[in-house]
Amino acid sequence: QVQLVESGGGSVQAGGSLRLSCAASEYFYSPYCMGWFRQAPGKEREGVAGIDSRVTTRYADSVKGRFTISKDNAKNTLYLQMNSLKPEDTAMYYCAAAHTCLLSSWTLSRPADFAYWGQGTQVTVSS
């Protein structure tokens with residue numbers, strides 16, 4: 001069973017930066033997708049950023065230009081660099097992965113398609 005472990009969350013003031021990491025317990029063979037989702041209290045889980053085995057990336061409109069997703073295949077680790085953070089970015093952030101997947105325009109809107117999830121890491125941005 002694949003395990004995903006997130007780290008790097010915390011509290012930061014608006015305008016600050018954080019980098020989230022997600023360590024996978026095993027290597028993913030192509031094709032696959034990995035992504036970051038977030039969920040704030042009382043809101044639905046939303047896709048933030050995704051990357052696939054072709055290194056295609058996609059971002060939610062709300063984070064474009066501020067967040068960057070990347071992966072280090074040698075370390076089986078996914079990253080999310082978050083800059084210019086806003087209070088509305090406050091949420092629990094989850095790493096997710098799916099086998100037999102390539103990113104499309106709707107992939108981030110379908111969290112149910114991701115079979116593997118981490119436990120989440122909290123990001124709190126104060127104004």
# chains A, B, ... in the order shown; residues from 1 in each chain; ligands from 1
>>> residues_around(residues="segment 90-100 of chain A", least_positions_apart="2", cutoff="6 Å", atoms="only C-alpha atoms", output="list in words")
Pro31, Tyr32, Cys33, Met34, Gly35, Trp36, Phe37, Arg38, Gln39, Ala40, Pro87, Glu88, Phe114, Ala115, Tyr116, Trp117, Gly118, Gly120, Thr121, Gln122, Val123, Thr124 and Val125 of chain A
>>> residues_around(residues="Gly15 of chain A", least_positions_apart="5", cutoff="12 Å", atoms="only C-alpha atoms", output="PDB file with C-alpha atoms, in the first residue's frame")
ATOM      1  CA  ARG A  66       2.109  32.157  -6.768  1.00  0.00           C
ATOM      2  CA  MET A  82       3.846  28.645  -2.065  1.00  0.00           C
ATOM      3  CA  ASN A  83       4.733  32.317  -2.364  1.00  0.00           C
ATOM      4  CA  SER A  84       2.771  35.509  -1.756  1.00  0.00           C
ATOM      5  CA  LEU A  85       0.460  33.636   0.569  1.00  0.00           C
ATOM      6  CA  LYS A  86      -2.949  35.098   1.324  1.00  0.00           C
ATOM      7  CA  PRO A  87      -5.308  34.496   4.250  1.00  0.00           C
ATOM      8  CA  GLU A  88      -7.662  32.700   1.846  1.00  0.00           C
ATOM      9  CA  ASP A  89      -4.932  30.073   1.304  1.00  0.00           C
ATOM     10  CA  VAL A 125      -1.936  32.539   6.788  1.00  0.00           C
ATOM     11  CA  SER A 126      -2.643  35.540   8.989  1.00  0.00           C
ATOM     12  CA  SER A 127      -3.377  39.040   7.745  1.00  0.00           C
TER      13      SER A 127
END
>>> residues_around(residues="Leu78 of chain A", least_positions_apart="2", cutoff="9 Å", atoms="only C-alpha atoms", output="VMD selection string")
chain A and resid 6 20 to 24 34 to 35 69 to 73 75 to 76 80 95
>>> write_last_selection(atoms="N, CA and C atoms", output="compact mmCIF listing (two decimals), in the first residue's frame")
# COMPACT_ATOMS: atom_id res chain seq x y z
N GLU A 6 3.01 14.12 4.17
CA GLU A 6 3.25 15.54 3.93
C GLU A 6 4.01 16.17 5.10
N LEU A 20 5.78 22.94 0.89
CA LEU A 20 5.26 21.67 1.34
C LEU A 20 6.00 20.54 0.64
N SER A 21 6.19 19.45 1.36
CA SER A 21 6.80 18.25 0.79
C SER A 21 5.88 17.06 0.99
N CYS A 22 5.97 16.12 0.08
CA CYS A 22 5.17 14.89 0.18
C CYS A 22 6.07 13.73 -0.22
N ALA A 23 6.43 12.91 0.75
CA ALA A 23 7.30 11.77 0.50
C ALA A 23 6.45 10.53 0.23
N ALA A 24 6.70 9.88 -0.89
CA ALA A 24 5.97 8.66 -1.25
C ALA A 24 6.79 7.44 -0.84
N MET A 34 0.23 13.26 -9.71
CA MET A 34 0.32 13.62 -8.31
C MET A 34 -0.19 15.04 -8.16
N GLY A 35 -0.77 15.32 -7.02
CA GLY A 35 -1.34 16.64 -6.87
C GLY A 35 -1.44 17.10 -5.43
N ILE A 69 4.42 23.62 -8.40
CA ILE A 69 4.50 22.21 -8.05
C ILE A 69 5.71 21.60 -8.77
N SER A 70 6.40 20.70 -8.09
CA SER A 70 7.54 20.03 -8.70
C SER A 70 7.72 18.67 -8.03
N LYS A 71 8.56 17.83 -8.64
CA LYS A 71 8.82 16.52 -8.04
C LYS A 71 10.25 16.12 -8.26
N ASP A 72 10.76 15.39 -7.30
CA ASP A 72 12.11 14.85 -7.37
C ASP A 72 11.98 13.33 -7.44
N ASN A 73 12.14 12.79 -8.63
CA ASN A 73 11.93 11.36 -8.82
C ASN A 73 12.94 10.53 -8.02
N LYS A 75 14.06 11.11 -5.16
CA LYS A 75 13.66 11.07 -3.75
C LYS A 75 12.21 10.65 -3.56
N ASN A 76 11.51 10.35 -4.66
CA ASN A 76 10.07 10.01 -4.57
C ASN A 76 9.32 11.09 -3.79
N LEU A 80 5.43 21.57 -3.12
CA LEU A 80 4.58 22.71 -3.49
C LEU A 80 5.21 23.95 -2.87
N CYS A 95 -1.62 15.84 -0.07
CA CYS A 95 -0.94 15.29 -1.23
C CYS A 95 -1.73 14.07 -1.70
>>> closest_residue(among="A:Thr77, A:Ser25, A:Ser30, A:Ser7", to="Arg54 of chain A", atoms="only C-alpha atoms")
A:Ser30
>>> residues_around(residues="Ser109 of chain A", least_positions_apart="2", cutoff="8 Å", atoms="only C-alpha atoms", output="list in words")
Glu46, Gly47, Trp106, Thr107 and Pro111 of chain A
>>> write_last_selection(atoms="N, CA and C atoms", output="PDB file, in the first residue's frame")
ATOM      1  N   GLU A  46     -10.576  21.124  -2.718  1.00  0.00           N
ATOM      2  CA  GLU A  46     -10.331  21.661  -4.052  1.00  0.00           C
ATOM      3  C   GLU A  46      -8.909  21.349  -4.511  1.00  0.00           C
ATOM      4  N   GLY A  47      -8.774  21.136  -5.801  1.00  0.00           N
ATOM      5  CA  GLY A  47      -7.453  20.894  -6.371  1.00  0.00           C
ATOM      6  C   GLY A  47      -6.681  22.189  -6.475  1.00  0.00           C
ATOM      7  N   TRP A 106      -9.576  18.642 -16.393  1.00  0.00           N
ATOM      8  CA  TRP A 106     -10.533  18.387 -15.315  1.00  0.00           C
ATOM      9  C   TRP A 106      -9.962  17.539 -14.177  1.00  0.00           C
ATOM     10  N   THR A 107      -8.710  17.125 -14.270  1.00  0.00           N
ATOM     11  CA  THR A 107      -8.139  16.200 -13.279  1.00  0.00           C
ATOM     12  C   THR A 107      -8.231  16.754 -11.867  1.00  0.00           C
ATOM     13  N   PRO A 111     -11.094  14.868  -7.286  1.00  0.00           N
ATOM     14  CA  PRO A 111     -10.258  14.236  -6.262  1.00  0.00           C
ATOM     15  C   PRO A 111     -10.556  12.756  -6.065  1.00  0.00           C
TER      16      PRO A 111
END
>>> select_by_dssp(residues="chain A", states="helix (DSSP H, G or I)", output="PyMOL selection string")
chain A and resi 73-75+87-89+107-109+111-113
>>> write_last_selection(atoms="all heavy atoms", output="mmCIF file, in the first residue's frame")
data_model
loop_
_atom_site.group_PDB
_atom_site.id
_atom_site.type_symbol
_atom_site.label_atom_id
_atom_site.label_comp_id
_atom_site.auth_asym_id
_atom_site.auth_seq_id
_atom_site.Cartn_x
_atom_site.Cartn_y
_atom_site.Cartn_z
ATOM 1 N N ASN A 73 12.141 12.791 -8.633
ATOM 2 C CA ASN A 73 11.932 11.357 -8.815
ATOM 3 C C ASN A 73 12.944 10.534 -8.020
ATOM 4 O O ASN A 73 12.624 9.447 -7.530
ATOM 5 C CB ASN A 73 12.015 11.004 -10.288
ATOM 6 C CG ASN A 73 10.861 11.563 -11.094
ATOM 7 O OD1 ASN A 73 9.762 11.748 -10.555
ATOM 8 N ND2 ASN A 73 11.093 11.852 -12.354
ATOM 9 N N ALA A 74 14.149 11.030 -7.872
ATOM 10 C CA ALA A 74 15.180 10.291 -7.139
ATOM 11 C C ALA A 74 14.807 10.134 -5.668
ATOM 12 O O ALA A 74 15.180 9.155 -5.023
ATOM 13 C CB ALA A 74 16.519 10.990 -7.271
ATOM 14 N N LYS A 75 14.057 11.106 -5.155
ATOM 15 C CA LYS A 75 13.662 11.072 -3.745
ATOM 16 C C LYS A 75 12.213 10.651 -3.559
ATOM 17 O O LYS A 75 11.725 10.620 -2.424
ATOM 18 C CB LYS A 75 13.880 12.440 -3.110
ATOM 19 C CG LYS A 75 15.330 12.888 -3.070
ATOM 20 C CD LYS A 75 15.454 14.245 -2.389
ATOM 21 C CE LYS A 75 16.905 14.673 -2.297
ATOM 22 N NZ LYS A 75 17.040 16.004 -1.641
ATOM 23 N N PRO A 87 -4.481 35.145 3.214
ATOM 24 C CA PRO A 87 -5.308 34.496 4.250
ATOM 25 C C PRO A 87 -6.259 33.452 3.675
ATOM 26 O O PRO A 87 -6.529 32.436 4.334
ATOM 27 C CB PRO A 87 -6.072 35.674 4.865
ATOM 28 C CG PRO A 87 -5.145 36.835 4.688
ATOM 29 C CD PRO A 87 -4.493 36.603 3.346
ATOM 30 N N GLU A 88 -6.744 33.667 2.465
ATOM 31 C CA GLU A 88 -7.662 32.700 1.846
ATOM 32 C C GLU A 88 -6.966 31.398 1.438
ATOM 33 O O GLU A 88 -7.633 30.444 1.019
ATOM 34 C CB GLU A 88 -8.387 33.311 0.644
ATOM 35 C CG GLU A 88 -7.481 33.982 -0.360
ATOM 36 C CD GLU A 88 -7.386 35.483 -0.155
ATOM 37 O OE1 GLU A 88 -7.249 35.928 1.010
ATOM 38 O OE2 GLU A 88 -7.440 36.209 -1.171
ATOM 39 N N ASP A 89 -5.649 31.327 1.552
ATOM 40 C CA ASP A 89 -4.932 30.073 1.304
ATOM 41 C C ASP A 89 -4.943 29.173 2.542
ATOM 42 O O ASP A 89 -4.480 28.028 2.468
ATOM 43 C CB ASP A 89 -3.479 30.352 0.912
ATOM 44 C CG ASP A 89 -3.353 31.076 -0.414
ATOM 45 O OD1 ASP A 89 -4.088 30.718 -1.353
ATOM 46 O OD2 ASP A 89 -2.515 31.996 -0.505
ATOM 47 N N THR A 107 -8.710 17.125 -14.270
ATOM 48 C CA THR A 107 -8.139 16.200 -13.279
ATOM 49 C C THR A 107 -8.231 16.754 -11.867
ATOM 50 O O THR A 107 -8.610 16.048 -10.929
ATOM 51 C CB THR A 107 -6.682 15.883 -13.609
ATOM 52 O OG1 THR A 107 -6.597 15.325 -14.913
ATOM 53 C CG2 THR A 107 -6.103 14.887 -12.602
ATOM 54 N N LEU A 108 -7.899 18.021 -11.675
ATOM 55 C CA LEU A 108 -7.889 18.598 -10.333
ATOM 56 C C LEU A 108 -9.291 18.779 -9.766
ATOM 57 O O LEU A 108 -9.454 18.991 -8.561
ATOM 58 C CB LEU A 108 -7.146 19.932 -10.335
ATOM 59 C CG LEU A 108 -5.647 19.854 -10.598
ATOM 60 C CD1 LEU A 108 -5.036 21.258 -10.580
ATOM 61 C CD2 LEU A 108 -4.954 18.961 -9.584
ATOM 62 N N SER A 109 -10.298 18.706 -10.615
ATOM 63 C CA SER A 109 -11.674 18.842 -10.135
ATOM 64 C C SER A 109 -12.264 17.497 -9.752
ATOM 65 O O SER A 109 -13.431 17.430 -9.356
ATOM 66 C CB SER A 109 -12.546 19.515 -11.191
ATOM 67 O OG SER A 109 -12.658 18.697 -12.348
ATOM 68 N N PRO A 111 -11.094 14.868 -7.286
ATOM 69 C CA PRO A 111 -10.258 14.236 -6.262
ATOM 70 C C PRO A 111 -10.556 12.756 -6.065
ATOM 71 O O PRO A 111 -9.669 12.007 -5.649
ATOM 72 C CB PRO A 111 -10.559 15.046 -4.996
ATOM 73 C CG PRO A 111 -11.841 15.746 -5.272
ATOM 74 C CD PRO A 111 -11.883 15.990 -6.746
ATOM 75 N N ALA A 112 -11.752 12.313 -6.386
ATOM 76 C CA ALA A 112 -12.098 10.898 -6.213
ATOM 77 C C ALA A 112 -11.281 9.992 -7.133
ATOM 78 O O ALA A 112 -11.187 8.784 -6.894
ATOM 79 C CB ALA A 112 -13.579 10.685 -6.460
ATOM 80 N N ASP A 113 -10.687 10.563 -8.179
ATOM 81 C CA ASP A 113 -9.877 9.763 -9.093
ATOM 82 C C ASP A 113 -8.493 9.448 -8.527
ATOM 83 O O ASP A 113 -7.767 8.634 -9.084
ATOM 84 C CB ASP A 113 -9.711 10.493 -10.426
ATOM 85 C CG ASP A 113 -10.995 10.521 -11.235
ATOM 86 O OD1 ASP A 113 -11.945 9.804 -10.852
ATOM 87 O OD2 ASP A 113 -11.061 11.260 -12.230
#
>>> atom_distance(atom1="atom CA of Ser53 of chain A", atom2="atom CA of Leu102 of chain A")
7.2 Å
>>> atom_distance(atom1="atom CA of Gln13 of chain A", atom2="atom CA of Val63 of chain A")
16.7 Å
